[in-house]
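J.: Following this line is final05.txt, made up of compact mmCIF, C-alpha atoms:
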```txt
# COMPACT_ATOMS: atom_id res chain seq x y z
CA MET A 1489 136.65 108.95 36.52
CA SER A 1490 140.39 109.49 36.45
CA ALA A 1491 139.83 113.24 36.84
CA LEU A 1492 137.75 112.56 39.97
CA LEU A 1493 140.44 110.25 41.31
CA GLU A 1494 143.02 112.95 40.71
CA ILE A 1495 140.89 115.46 42.61
CA ARG A 1496 140.56 112.95 45.45
CA ASP A 1497 144.31 112.46 45.59
CA VAL A 1498 144.91 116.20 45.52
CA LEU A 1499 142.46 116.65 48.41
CA ARG A 1500 144.10 113.83 50.36
CA ASP A 1501 147.58 115.23 49.79
CA PHE A 1502 146.42 118.69 50.75
CA TYR A 1503 144.86 117.41 53.97
CA SER A 1504 147.83 115.28 54.98
CA LYS A 1505 150.23 118.15 54.25
CA HIS A 1506 148.26 120.71 56.29
CA GLU A 1507 146.62 118.40 58.82
CA LEU A 1508 148.13 120.30 61.73
CA TYR A 1509 146.12 123.44 60.86
CA LEU A 1510 143.20 121.88 58.98
CA PHE A 1511 142.02 119.57 61.77
CA PRO A 1512 141.53 122.38 64.35
CA PHE A 1513 139.98 124.55 61.62
CA LEU A 1514 137.49 121.78 60.72
CA LYS A 1515 136.71 121.32 64.43
CA PHE A 1516 136.09 125.05 64.66
CA CYS A 1517 133.74 124.94 61.64
CA LEU A 1518 131.86 121.93 63.01
CA ALA A 1519 131.46 123.53 66.45
CA PHE A 1520 130.32 126.78 64.84
CA VAL A 1521 127.71 125.03 62.69
CA VAL A 1522 126.48 122.85 65.58
CA ILE A 1523 126.07 125.72 68.05
CA LEU A 1524 124.50 127.96 65.39
CA THR A 1525 122.04 125.19 64.48
CA ILE A 1526 121.07 124.79 68.14
CA ASN A 1527 120.68 128.56 68.56
CA PHE A 1528 118.74 128.87 65.31
CA ASN A 1529 116.28 126.14 66.34
CA LEU A 1530 115.91 126.97 70.02
CA GLY A 1531 117.27 130.51 70.02
CA VAL A 1532 115.21 132.05 72.74
CA THR A 1533 118.15 132.97 74.94
CA SER A 1534 119.79 136.13 73.75
CA ARG A 1535 122.72 135.72 76.15
CA ILE A 1536 124.10 132.49 74.67
CA SER A 1537 122.78 133.16 71.17
CA ASN A 1538 125.20 136.05 71.04
CA MET A 1539 127.68 135.60 68.19
CA VAL A 1540 130.62 136.40 70.48
CA VAL A 1541 129.68 133.47 72.75
CA VAL A 1542 129.25 131.16 69.75
CA LEU A 1543 132.65 132.14 68.35
CA MET A 1544 134.31 131.69 71.74
CA VAL A 1545 132.87 128.20 72.19
CA ALA A 1546 133.82 127.29 68.60
CA LEU A 1547 137.38 128.51 69.21
CA LEU A 1548 137.55 126.56 72.46
CA SER A 1549 136.30 123.44 70.67
CA ALA A 1550 139.04 123.84 68.06
CA CYS A 1551 141.66 123.46 70.80
CA LEU A 1552 139.95 120.76 72.87
CA PRO A 1553 139.25 117.08 72.07
CA LEU A 1554 136.44 116.59 69.57
CA ASN A 1555 134.21 114.75 72.03
CA LEU A 1556 133.96 117.80 74.28
CA LEU A 1557 131.93 119.44 71.52
CA VAL A 1558 129.18 116.94 72.32
CA VAL A 1559 129.20 118.12 75.94
CA PHE A 1560 129.11 121.79 74.83
CA ALA A 1561 126.20 121.07 72.51
CA MET A 1562 124.29 119.31 75.31
CA VAL A 1563 124.93 122.20 77.73
CA PHE A 1564 123.77 124.75 75.14
CA THR A 1565 120.63 122.76 74.41
CA VAL A 1566 119.74 122.38 78.11
CA ILE A 1567 120.26 126.12 78.71
CA HIS A 1568 117.84 126.84 75.85
CA PHE A 1569 115.38 124.34 77.33
CA TYR A 1570 115.70 126.13 80.67
CA GLU A 1571 114.68 129.37 78.98
CA ILE A 1572 111.46 127.69 77.82
CA SER A 1573 110.82 126.28 81.29
CA LEU A 1574 112.61 124.53 84.13
CA GLU A 1575 110.65 121.34 83.42
CA CYS A 1576 111.89 121.28 79.82
CA ALA A 1577 115.44 121.48 81.12
CA ILE A 1578 114.79 118.66 83.61
CA ALA A 1579 113.20 116.36 81.01
CA GLY A 1580 115.67 117.16 78.20
CA GLY A 1581 118.67 117.15 80.54
CA ALA A 1582 117.61 113.75 81.93
CA VAL A 1583 117.43 112.27 78.42
CA PHE A 1584 120.92 113.57 77.57
CA LEU A 1585 122.31 112.43 80.94
CA LEU A 1586 120.95 108.91 80.42
CA MET A 1587 122.53 108.78 76.95
CA PHE A 1588 125.81 109.99 78.41
CA LEU A 1589 125.80 107.49 81.28
CA LEU A 1590 124.58 104.40 79.45
CA TYR A 1591 126.07 104.74 75.99
CA TYR A 1592 128.78 107.38 75.81
CA ARG A 1593 131.24 105.43 77.99
CA PHE A 1594 131.01 102.42 75.67
CA SER A 1595 131.74 104.18 72.46
CA PRO A 1596 132.82 107.82 72.87
CA ARG A 1597 134.13 107.91 69.28
CA ASN A 1598 130.64 107.52 67.88
CA ALA A 1599 129.28 110.36 70.02
CA LEU A 1600 129.63 112.77 67.10
CA VAL A 1601 126.85 110.88 65.33
CA VAL A 1602 124.45 112.29 67.95
CA LEU A 1603 125.48 115.78 66.80
CA PHE A 1604 125.21 115.06 63.10
CA MET A 1605 121.73 113.57 63.31
CA PRO A 1606 119.82 116.80 64.18
CA ILE A 1607 121.89 118.73 61.60
CA PHE A 1608 121.06 116.27 58.81
CA PHE A 1609 117.41 116.17 59.91
CA GLY A 1610 117.46 119.95 59.46
CA LEU A 1611 118.92 119.51 55.97
CA LYS A 1612 116.16 116.94 55.20
CA ILE A 1613 118.69 114.18 54.50
CA PRO A 1614 118.86 112.28 57.81
CA PHE A 1615 118.93 108.95 55.93
CA VAL A 1616 122.57 109.45 55.06
CA VAL A 1617 123.63 109.12 58.70
CA PRO A 1618 122.68 105.44 59.30
CA ILE A 1619 124.14 104.48 55.89
CA VAL A 1620 127.46 106.24 56.48
CA VAL A 1621 127.67 105.01 60.09
CA GLY A 1622 127.06 101.45 58.85
CA LEU A 1623 129.80 101.90 56.25
CA LEU A 1624 132.45 103.49 58.43
CA CYS A 1625 131.76 102.44 62.04
CA SER A 1626 131.19 99.21 63.92
CA VAL A 1627 127.79 97.75 64.72
CA THR A 1628 127.61 99.74 67.99
CA GLY A 1629 127.13 102.78 65.75
CA ALA A 1630 123.47 101.71 65.54
CA VAL A 1631 123.04 102.74 69.20
CA ALA A 1632 124.62 106.13 68.46
CA VAL A 1633 122.21 106.56 65.54
CA GLY A 1634 119.31 105.70 67.88
CA CYS A 1635 120.54 108.27 70.43
CA GLY A 1636 120.78 110.86 67.64
CA VAL A 1637 117.17 110.21 66.56
CA ILE A 1638 115.94 110.56 70.16
CA ALA A 1639 117.97 113.77 70.64
CA TYR A 1640 116.49 115.24 67.44
CA TYR A 1641 112.89 114.43 68.39
CA VAL A 1642 113.33 115.80 71.93
CA ILE A 1643 114.72 119.07 70.51
CA ALA A 1644 112.00 119.21 67.83
CA TYR A 1645 109.27 118.60 70.42
CA MET A 1646 110.54 121.35 72.73
CA LYS A 1647 110.87 123.74 69.77
CA ASP A 1648 107.35 123.04 68.46
CA ASN A 1649 105.72 123.28 71.88
CA ALA A 1650 107.81 126.09 73.41
CA THR A 1651 105.00 128.65 73.33
CA LEU A 1652 102.41 126.24 74.67
CA ILE A 1653 104.66 125.02 77.50
CA SER A 1654 105.55 128.58 78.50
CA SER A 1655 101.88 129.55 78.60
CA LEU A 1656 100.95 126.70 80.97
CA ASP A 1657 100.32 127.55 84.62
CA ALA A 1658 103.76 128.47 85.96
CA ASP A 1659 102.77 127.64 89.54
CA ASN A 1660 101.97 124.03 88.76
CA LEU A 1661 105.45 122.70 87.97
CA ILE A 1662 104.41 119.04 88.09
CA ALA A 1663 101.54 119.53 85.62
CA ARG A 1664 103.98 121.15 83.19
CA PHE A 1665 106.44 118.32 83.63
CA ARG A 1666 103.71 115.72 83.07
CA TYR A 1667 102.59 117.55 79.94
CA ILE A 1668 106.14 117.43 78.54
CA VAL A 1669 106.76 113.77 79.42
CA ASP A 1670 103.33 112.71 78.08
CA GLY A 1671 103.98 114.61 74.87
CA LEU A 1672 107.37 112.95 74.41
CA LEU A 1673 106.06 109.45 75.16
CA GLU A 1674 103.01 109.93 72.92
CA LYS A 1675 105.18 110.28 69.82
CA LYS A 1676 105.06 106.66 68.69
CA GLY A 1677 106.35 107.69 65.25
CA VAL A 1678 109.79 108.11 66.85
CA LEU A 1679 109.88 104.35 67.46
CA VAL A 1680 109.27 103.72 63.75
CA VAL A 1681 112.12 106.08 62.78
CA LEU A 1682 114.34 104.48 65.45
CA LEU A 1683 113.60 101.00 64.13
CA ALA A 1684 114.20 102.08 60.51
CA PHE A 1685 117.49 103.87 61.19
CA CYS A 1686 118.96 101.25 63.56
CA SER A 1687 117.98 98.36 61.24
CA ALA A 1688 119.49 100.19 58.26
CA THR A 1689 122.76 100.77 60.15
CA ILE A 1690 123.03 97.10 61.11
CA ILE A 1691 122.10 95.87 57.60
CA VAL A 1692 124.63 98.19 55.96
CA TRP A 1693 127.33 97.10 58.43
CA LEU A 1694 126.57 93.40 57.85
CA LEU A 1695 126.50 93.64 54.05
CA ARG A 1696 129.56 95.83 53.54
CA ARG A 1697 131.67 93.24 55.40
CA LEU A 1698 130.68 90.46 53.01
CA SER A 1699 133.35 89.10 50.72
CA VAL A 1700 131.34 89.73 47.57
CA ASP A 1701 131.96 92.14 44.74
CA TYR A 1702 130.39 95.58 45.15
CA ALA A 1703 129.59 94.84 48.81
CA TRP A 1704 129.56 98.55 49.71
CA THR A 1705 127.20 99.46 46.86
CA ILE A 1706 124.87 96.57 47.73
CA ALA A 1707 124.96 97.65 51.38
CA ILE A 1708 124.06 101.26 50.53
CA PHE A 1709 121.08 100.23 48.39
CA ALA A 1710 119.89 97.58 50.86
CA GLY A 1711 120.07 100.03 53.78
CA SER A 1712 118.07 102.62 51.82
CA VAL A 1713 115.41 100.09 50.84
CA ILE A 1714 115.08 98.81 54.42
CA MET A 1715 114.65 102.37 55.69
CA ALA A 1716 112.10 103.25 53.01
CA VAL A 1717 110.03 100.09 53.63
CA ILE A 1718 109.95 100.46 57.43
CA LEU A 1719 109.19 104.19 57.27
CA LEU A 1720 106.43 103.73 54.67
CA LEU A 1721 104.79 100.83 56.54
CA GLY A 1722 105.19 102.53 59.91
CA GLY A 1723 103.97 105.82 58.48
CA LEU A 1724 100.61 104.18 57.70
CA ASN A 1725 99.86 103.83 61.41
CA TYR A 1726 102.02 106.45 63.11
CA ASP A 1727 103.04 110.01 62.43
CA THR A 1728 106.77 109.92 61.74
CA GLY A 1729 106.88 113.57 60.77
CA LEU A 1730 108.29 112.60 57.35
CA SER A 1731 106.10 113.03 54.26
CA THR A 1732 106.48 110.49 51.42
CA GLY A 1733 107.73 113.13 48.95
CA ALA A 1734 110.30 114.51 51.39
CA MET A 1735 111.35 110.98 52.23
CA ILE A 1736 111.98 110.00 48.61
CA GLY A 1737 113.87 113.26 47.95
CA GLY A 1738 115.85 112.82 51.16
CA LEU A 1739 116.67 109.21 50.32
CA LEU A 1740 117.94 110.16 46.87
CA GLY A 1741 120.09 112.94 48.34
CA SER A 1742 121.35 110.56 51.02
CA LEU A 1743 122.23 107.93 48.40
CA LEU A 1744 124.25 110.51 46.51
CA LEU A 1745 126.15 111.53 49.63
CA ALA A 1746 126.71 107.88 50.59
CA PHE A 1747 128.31 107.26 47.19
CA VAL A 1748 130.55 110.29 47.69
CA VAL A 1749 131.67 108.77 51.01
CA GLN A 1750 132.21 105.43 49.28
CA PHE A 1751 134.30 107.14 46.60
CA PHE A 1752 136.64 108.54 49.25
CA ALA A 1753 136.67 105.61 51.69
CA PHE A 1754 136.40 102.47 49.58
CA ASN A 1755 137.29 102.89 45.95
CA VAL A 1756 138.42 99.58 44.49
CA ASP A 1757 138.67 97.99 41.07
CA TYR A 1758 136.81 94.67 41.16
CA SER A 1759 137.86 93.83 37.60
CA ARG A 1760 141.41 93.26 38.84
CA THR A 1761 140.51 91.03 41.79
CA GLU A 1762 143.08 88.39 42.56
CA LEU A 1763 142.41 85.15 44.39
CA VAL A 1764 145.45 83.47 45.84
CA GLN A 1765 146.00 80.43 48.01
CA TYR A 1766 149.03 79.48 50.04
CA GLU A 1767 149.96 77.71 53.23
CA ASP A 1768 152.39 77.85 56.09
CA ASP A 1769 153.06 75.42 58.93
CA GLU A 1770 149.81 76.19 60.72
CA TYR A 1771 147.25 77.50 58.20
CA TYR A 1772 145.91 77.43 54.69
CA TYR A 1773 145.25 80.92 53.40
CA TYR A 1774 142.53 81.82 50.89
CA VAL A 1775 143.20 85.46 50.07
CA LYS A 1776 141.10 87.79 47.97
CA ALA A 1777 143.02 90.91 47.04
CA ILE A 1778 141.21 93.80 45.38
CA PRO A 1779 143.39 96.66 44.14
CA LYS A 1780 142.45 100.21 45.02
CA ASN A 1781 141.69 102.62 42.22
CA SER A 1782 144.41 105.16 41.84
CA VAL A 1783 145.90 107.38 39.20
CA SER A 1784 149.51 108.09 38.61
CA LYS A 1785 150.20 111.74 39.00
CA SER A 1786 151.20 113.60 35.91
CA LYS A 1787 154.75 114.74 36.28
CA ARG A 1788 155.40 118.38 35.69
CA ALA A 1789 158.82 119.26 34.55
CA VAL A 1790 159.84 122.81 35.23
CA LYS A 1791 162.36 123.99 32.79
CA LYS A 1792 164.20 127.15 33.64
CA ILE A 1793 165.28 129.13 30.66
CA THR A 1794 167.71 131.85 31.30
CA SER A 1795 168.95 133.86 28.51
CA VAL A 1796 172.09 135.81 28.61
CA LEU A 1797 172.03 138.81 26.47
CA MET B 122 174.21 102.16 56.49
CA LEU B 123 170.45 102.62 56.25
CA ASN B 124 168.42 99.44 56.24
CA GLU B 125 165.29 100.08 54.20
CA GLU B 126 163.37 97.08 55.56
CA ARG B 127 164.12 98.11 59.12
CA ILE B 128 163.02 101.68 58.50
CA LYS B 129 159.75 100.47 56.96
CA LEU B 130 159.09 98.26 59.97
CA MET B 131 159.94 101.01 62.44
CA THR B 132 157.67 103.50 60.63
CA LYS B 133 154.83 101.00 60.71
CA MET B 134 155.38 100.42 64.41
CA ALA B 135 155.62 104.14 65.18
CA ALA B 136 152.34 104.75 63.35
CA TYR B 137 150.75 101.94 65.36
CA GLU B 138 152.04 103.36 68.65
CA GLU B 139 150.63 106.79 67.74
CA ASN B 140 147.17 105.63 66.69
CA GLU B 141 145.31 102.45 67.58
CA GLY B 142 148.27 101.05 69.52
CA LYS B 143 147.98 103.79 72.16
CA GLN B 144 144.54 102.57 73.17
CA PHE B 145 145.45 98.89 72.94
CA MET B 146 148.62 99.32 74.99
CA ALA B 147 146.58 100.93 77.78
CA ILE B 148 144.26 97.89 77.72
CA GLY B 149 147.17 95.46 77.43
CA SER B 150 148.79 96.81 80.60
CA TYR B 151 146.00 95.20 82.66
CA PHE B 152 145.42 91.58 83.56
CA ARG B 153 142.17 90.42 82.03
CA SER B 154 140.39 90.07 85.38
CA ASP B 155 141.54 93.53 86.57
CA TYR B 156 140.45 95.18 83.32
CA MET B 157 137.07 93.49 83.27
CA GLY B 158 136.54 94.22 86.97
CA LYS B 159 137.33 97.90 86.52
CA GLN B 160 134.95 98.26 83.56
CA VAL B 161 132.13 96.39 85.30
CA ILE B 162 132.51 98.57 88.42
CA HIS B 163 132.35 101.70 86.23
CA SER B 164 129.23 100.31 84.58
CA VAL B 165 127.56 99.54 87.91
CA ILE B 166 128.19 103.14 89.01
CA SER B 167 126.85 104.54 85.70
CA ALA B 168 123.81 102.25 85.80
CA THR B 169 123.09 103.21 89.43
CA ILE B 170 123.14 106.94 88.61
CA ALA B 171 120.99 106.32 85.50
CA TYR B 172 118.49 104.29 87.55
CA LEU B 173 118.32 107.02 90.22
CA VAL B 174 117.65 109.61 87.48
CA VAL B 175 114.82 107.52 86.03
CA LEU B 176 113.42 106.82 89.52
CA GLY B 177 113.61 110.52 90.35
CA LEU B 178 111.72 111.41 87.16
CA TYR B 179 109.10 108.73 87.90
CA ILE B 180 108.54 110.06 91.43
CA TYR B 181 108.36 113.65 90.15
CA TYR B 182 105.84 112.62 87.47
CA HIS B 183 103.59 110.83 90.01
CA PHE B 184 104.32 113.24 92.87
CA GLU B 185 100.73 114.45 93.37
CA SER B 186 99.13 111.00 93.44
CA LEU B 187 101.94 109.67 95.64
CA MET B 188 101.43 112.48 98.15
CA GLN B 189 97.66 111.99 98.20
CA GLU B 190 97.89 108.27 98.81
CA ILE B 191 101.07 108.11 100.84
CA TYR B 192 99.33 106.62 103.88
CA LYS B 193 97.57 103.94 101.83
CA LEU B 194 100.65 102.85 99.94
CA ASP B 195 102.65 99.74 100.72
CA LEU B 196 105.97 101.58 100.93
CA LEU B 197 107.94 98.47 101.88
CA GLY B 198 106.54 96.59 98.89
CA MET B 199 107.31 99.52 96.57
CA GLY B 200 110.85 99.70 97.92
CA LYS B 201 111.32 95.97 97.33
CA ARG B 202 110.00 96.31 93.79
CA ALA B 203 112.30 99.28 93.12
CA LEU B 204 115.27 97.26 94.38
CA PHE B 205 114.26 94.28 92.25
CA TYR B 206 114.09 96.42 89.10
CA TYR B 207 117.39 98.03 90.07
CA ALA B 208 119.06 94.62 90.42
CA ILE B 209 117.74 93.47 87.01
CA PHE B 210 118.79 96.71 85.31
CA VAL B 211 122.28 96.76 86.81
CA ALA B 212 122.84 93.04 86.18
CA GLY B 213 121.73 93.38 82.54
CA TYR B 214 123.95 96.39 81.99
CA ALA B 215 126.92 94.66 83.69
CA VAL B 216 126.49 91.59 81.44
CA ILE B 217 126.47 93.79 78.32
CA THR B 218 129.57 95.59 79.64
CA TYR B 219 131.30 92.28 80.30
CA ILE B 220 130.62 91.02 76.76
CA VAL B 221 131.66 94.29 75.05
CA TYR B 222 134.85 94.72 77.05
CA SER B 223 135.93 91.09 76.83
CA VAL B 224 135.69 91.38 73.01
CA ARG B 225 137.73 94.60 73.20
CA TYR B 226 140.32 93.01 75.50
CA ASN B 227 140.76 90.02 73.18
CA ARG B 228 141.09 92.31 70.16
CA ALA B 229 143.70 94.42 71.95
CA ARG B 230 145.73 91.35 72.98
CA LYS B 231 145.67 90.00 69.43
CA SER B 232 146.76 93.34 68.01
CA LEU B 233 149.54 93.71 70.62
CA ARG B 234 150.78 90.19 69.84
CA ARG B 235 151.28 91.29 66.23
CA TYR B 236 153.13 94.38 67.49
CA TYR B 237 155.42 92.29 69.71
CA ASN B 238 156.18 90.05 66.71
CA HIS B 239 157.28 93.16 64.83
CA LEU B 240 159.49 94.06 67.78
CA LYS B 241 161.09 90.61 67.63
CA GLN B 242 161.66 91.02 63.88
CA LEU B 243 163.30 94.37 64.53
CA LEU B 244 165.55 92.88 67.17
CA ALA B 245 166.52 90.08 64.77
CA MET B 246 167.40 92.69 62.12
CA TYR B 247 169.67 94.52 64.57
CA ASP B 248 171.31 91.25 65.60
CA LEU B 249 171.92 90.35 61.98
CA GLU B 250 173.50 93.72 61.31
CA ASN B 251 175.77 93.55 64.34
CA LYS B 252 177.19 90.17 63.38
```
If you took the structure in this file and wrote it as structure tokens, what would it be?
T.:
Amino acid sequence: MSALLEIRDVLRDFYSKHELYLFPFLKFCLAFVVILTINFNLGVTSRISNMVVVLMVALLSACLPLNLLVVFAMVFTVIHFYEISLECAIAGGAVFLLMFLLYYRFSPRNALVVLFMPIFFGLKIPFVVPIVVGLLCSVTGAVAVGCGVIAYYVIAYMKDNATLISSLDADNLIARFRYIVDGLLEKKGVLVVLLAFCSATIIVWLLRRLSVDYAWTIAIFAGSVIMAVILLLGGLNYDTGLSTGAMIGGLLGSLLLAFVVQFFAFNVDYSRTELVQYEDDEYYYYVKAIPKNSVSKSKRAVKKITSVL
Amino acid sequence: MLNEERIKLMTKMAAYEENEGKQFMAIGSYFRSDYMGKQVIHSVISATIAYLVVLGLYIYYHFESLMQEIYKLDLLGMGKRALFYYAIFVAGYAVITYIVYSVRYNRARKSLRRYYNHLKQLLAMYDLENK
């Protein structure tokens, strides 16, 4: 444990020492991965799938505010949709625009969650997102998680049906549009996933704020159980696109990642909890103080030995 | 001579001004009514555009049947219904905006009050040193 804590401290020190260069570099990496993921999934357009374009956008994202990456990702996705058909671009673009108008202005900080959701769905561990959002963000993060789920299913639908949509009668634009909208609205399984992920986010957020020992651990387990129960029950009636085996594997992987996040963000020693009471002119204070786990760094003494011959 | 307590306080305040304080100070520069009014107006504009997008999609989806039956339709009634839904949607969204931003405004004021207390402490430290 102490070795892990030492590694954590080394990582923290390293980041704080080189934050000036590391933050833009991490933004570059994130932008690169996001755009590549979009191109890999919807990569029908050779012009914007070009590696030079991807690198340019990633470099631009490294210099610009993080939230602009969300806009870049949306623009890339809509251009890919346009390559499938104009109606795909209209339907997909409208969904993104509604998210942008109705949610993004409330909580722009959580907008990155919308980006992470399709990536983690691709990695088969989407369950980690609601848990981590519940741990690190406020309750409004549940809406961001919901937007991420919708964005993923819209992208997945367009990807799965690209050939079919392209082969439909090109002269009848409205029929194509109706086919796309009907297909999107028919997917009732999305509602089950939405319910599971949003409930898990809210449950995790509620539990981790409790003043009980191991609140974060309890929250992580409770969120996972809630998700599993809703997805299993909902999966009996609707197609969620998640098989039971993949779900269990994904949940275990997500739990592991959630504990890694907990290790970095909330690592305390409950055995040394102190309860103190005091008062001033206006209030009585009941304070519970839990010390953070930390290790004292081993001091290295450098001894210079110079010999004179 | 360096005053360690004062330096600690100033560092804490500088960190606050750089991070969360920046956002709160922007909020704190408004009167409550002005801030809330501005946010609600922004929300009404956003909600209006969102409603027009949804309405546009609805009309596009039903375009063929609407064109076929355009002479049989009660256009005035449909317009009234569209306006009614618009009013409900915008009012609902404005209420949510009002609640969210009033919580944020209160939080910002509370946080700024703590910051101003630190400023007072700092001033007291300077006064004490000058005496």
J.: Residues near region 1639-1655 of chain A, anyone? I mean within 10 Å using only C-alpha atoms, not counting same-chain ones fewer than 6 positions away, as number ranges by chain.
T.: A: 1526, 1529-1532, 1562, 1565-1566, 1568-1569, 1571-1577, 1579-1580, 1583-1584, 1587, 1602-1610, 1633, 1664-1665, 1667-1668, 1671-1672, 1675, 1677-1678, 1729
J.: Find the residues in chain A near chain B: any atom within 6 Å counts, using only C-alpha atoms. Write them as an MDAnalysis selection string.
T.: chainID A and resid 1586 1589 1666
J.: Which value, in Å to one decimal, gives the distance between CA of Leu1623 (chain A) and CA of Ile1523 (chain A)?
T.: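 Between these atoms lies a distance of 26.8 Å.
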J.: Just how far from CA of Val1558 (chain A) is CA of Leu1510 (chain A), in Å to one decimal?
T.: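 Between CA of Leu1510 (chain A) and CA of Val1558 (chain A) the gap works out to 20.0 Å.
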J.: Rounded to one decimal place, report the CA of Gly213 (chain B)-CA of Phe1594 (chain A) distance in Å.
T.: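 Going from CA of Gly213 (chain B) over to CA of Phe1594 (chain A) covers 14.7 Å.
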J.: Need the shell around Gly1723 (chain A): protein/DNA/RNA residues with any atom at most 12 Å away, counting only C-alpha atoms. Skip same-chain ones fewer than 6 positions apart. Format as a count of residues only?
T.: 15
J.: Which residues, written as an mmCIF file with C-alpha atoms, in the frame of the given file, have at least one atom at most 10 Å from region 138-148 of chain B, with only C-alpha atoms counted and residues fewer than 2 positions away on the same chain left out?
T.:
```cif
data_model
loop_
_atom_site.group_PDB
_atom_site.id
_atom_site.type_symbol
_atom_site.label_atom_id
_atom_site.label_comp_id
_atom_site.auth_asym_id
_atom_site.auth_seq_id
_atom_site.Cartn_x
_atom_site.Cartn_y
_atom_site.Cartn_z
ATOM 1 C CA THR B 132 157.670 103.500 60.630
ATOM 2 C CA LYS B 133 154.830 101.000 60.710
ATOM 3 C CA MET B 134 155.380 100.420 64.410
ATOM 4 C CA ALA B 135 155.620 104.140 65.180
ATOM 5 C CA ALA B 136 152.340 104.750 63.350
ATOM 6 C CA SER B 150 148.790 96.810 80.600
ATOM 7 C CA TYR B 151 146.000 95.200 82.660
ATOM 8 C CA PHE B 152 145.420 91.580 83.560
ATOM 9 C CA ARG B 153 142.170 90.420 82.030
ATOM 10 C CA TYR B 156 140.450 95.180 83.320
ATOM 11 C CA TYR B 222 134.850 94.720 77.050
ATOM 12 C CA ARG B 225 137.730 94.600 73.200
ATOM 13 C CA TYR B 226 140.320 93.010 75.500
ATOM 14 C CA ASN B 227 140.760 90.020 73.180
ATOM 15 C CA ARG B 228 141.090 92.310 70.160
ATOM 16 C CA ALA B 229 143.700 94.420 71.950
ATOM 17 C CA ARG B 230 145.730 91.350 72.980
ATOM 18 C CA LYS B 231 145.670 90.000 69.430
ATOM 19 C CA SER B 232 146.760 93.340 68.010
ATOM 20 C CA LEU B 233 149.540 93.710 70.620
ATOM 21 C CA TYR B 236 153.130 94.380 67.490
#
```
J.: Applying 7 Å and all atoms listed in the file, which residues near Ala1546 (chain A) remain after dropping the ones on its own chain fewer than 4 positions away? List them as a list in words.
T.: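 Neighbouring residues, sequence-local ones excluded: Phe1516, Ala1519, Phe1520, Val1542 and Ala1550 of chain A.
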J.: Selection from above, C-alpha atoms, as a tab-separated table (two decimals), keeping the file's coordinate frame, can you write it?
T.:
```
chain	number	residue	atom	x	y	z
A	1516	PHE	CA	136.09	125.05	64.66
A	1519	ALA	CA	131.46	123.53	66.45
A	1520	PHE	CA	130.32	126.78	64.84
A	1542	VAL	CA	129.25	131.16	69.75
A	1550	ALA	CA	139.04	123.84	68.06
```
J.: Which residues, written as an NGL selection string, have at least one atom at most 8 Å from region 1626-1629 of chain A, with all atoms listed in the file counted and residues fewer than 3 positions away on the same chain left out?
T.: :A and (1595 or 1598 or 1621-1622 or 1632-1633 or 1689-1690 or 1693)
J.: Specify the axis-aligned box that encloses all atoms of region 1721-1727 of chain A listed in the file after padding of 8 Å on each side, stating its centre and edge lengths in Å to one decimal as lines of an AutoDock Vina configuration file.
T.:
```
center_x = 102.5
center_y = 105.4
center_z = 59.8
size_x = 21.3
size_y = 25.2
size_z = 22.6
```
J.: Have a look at A:Glu1674, A:Ile1662, A:Ser1504, A:Gly1711 and name the one nearest to Pro1618 (chain A); count all atoms listed in the file.
T.: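 Checking each of A:Glu1674, A:Ile1662, A:Ser1504, A:Gly1711 against Pro1618 (chain A), counting all atoms listed in the file, the winner is A:Gly1711.
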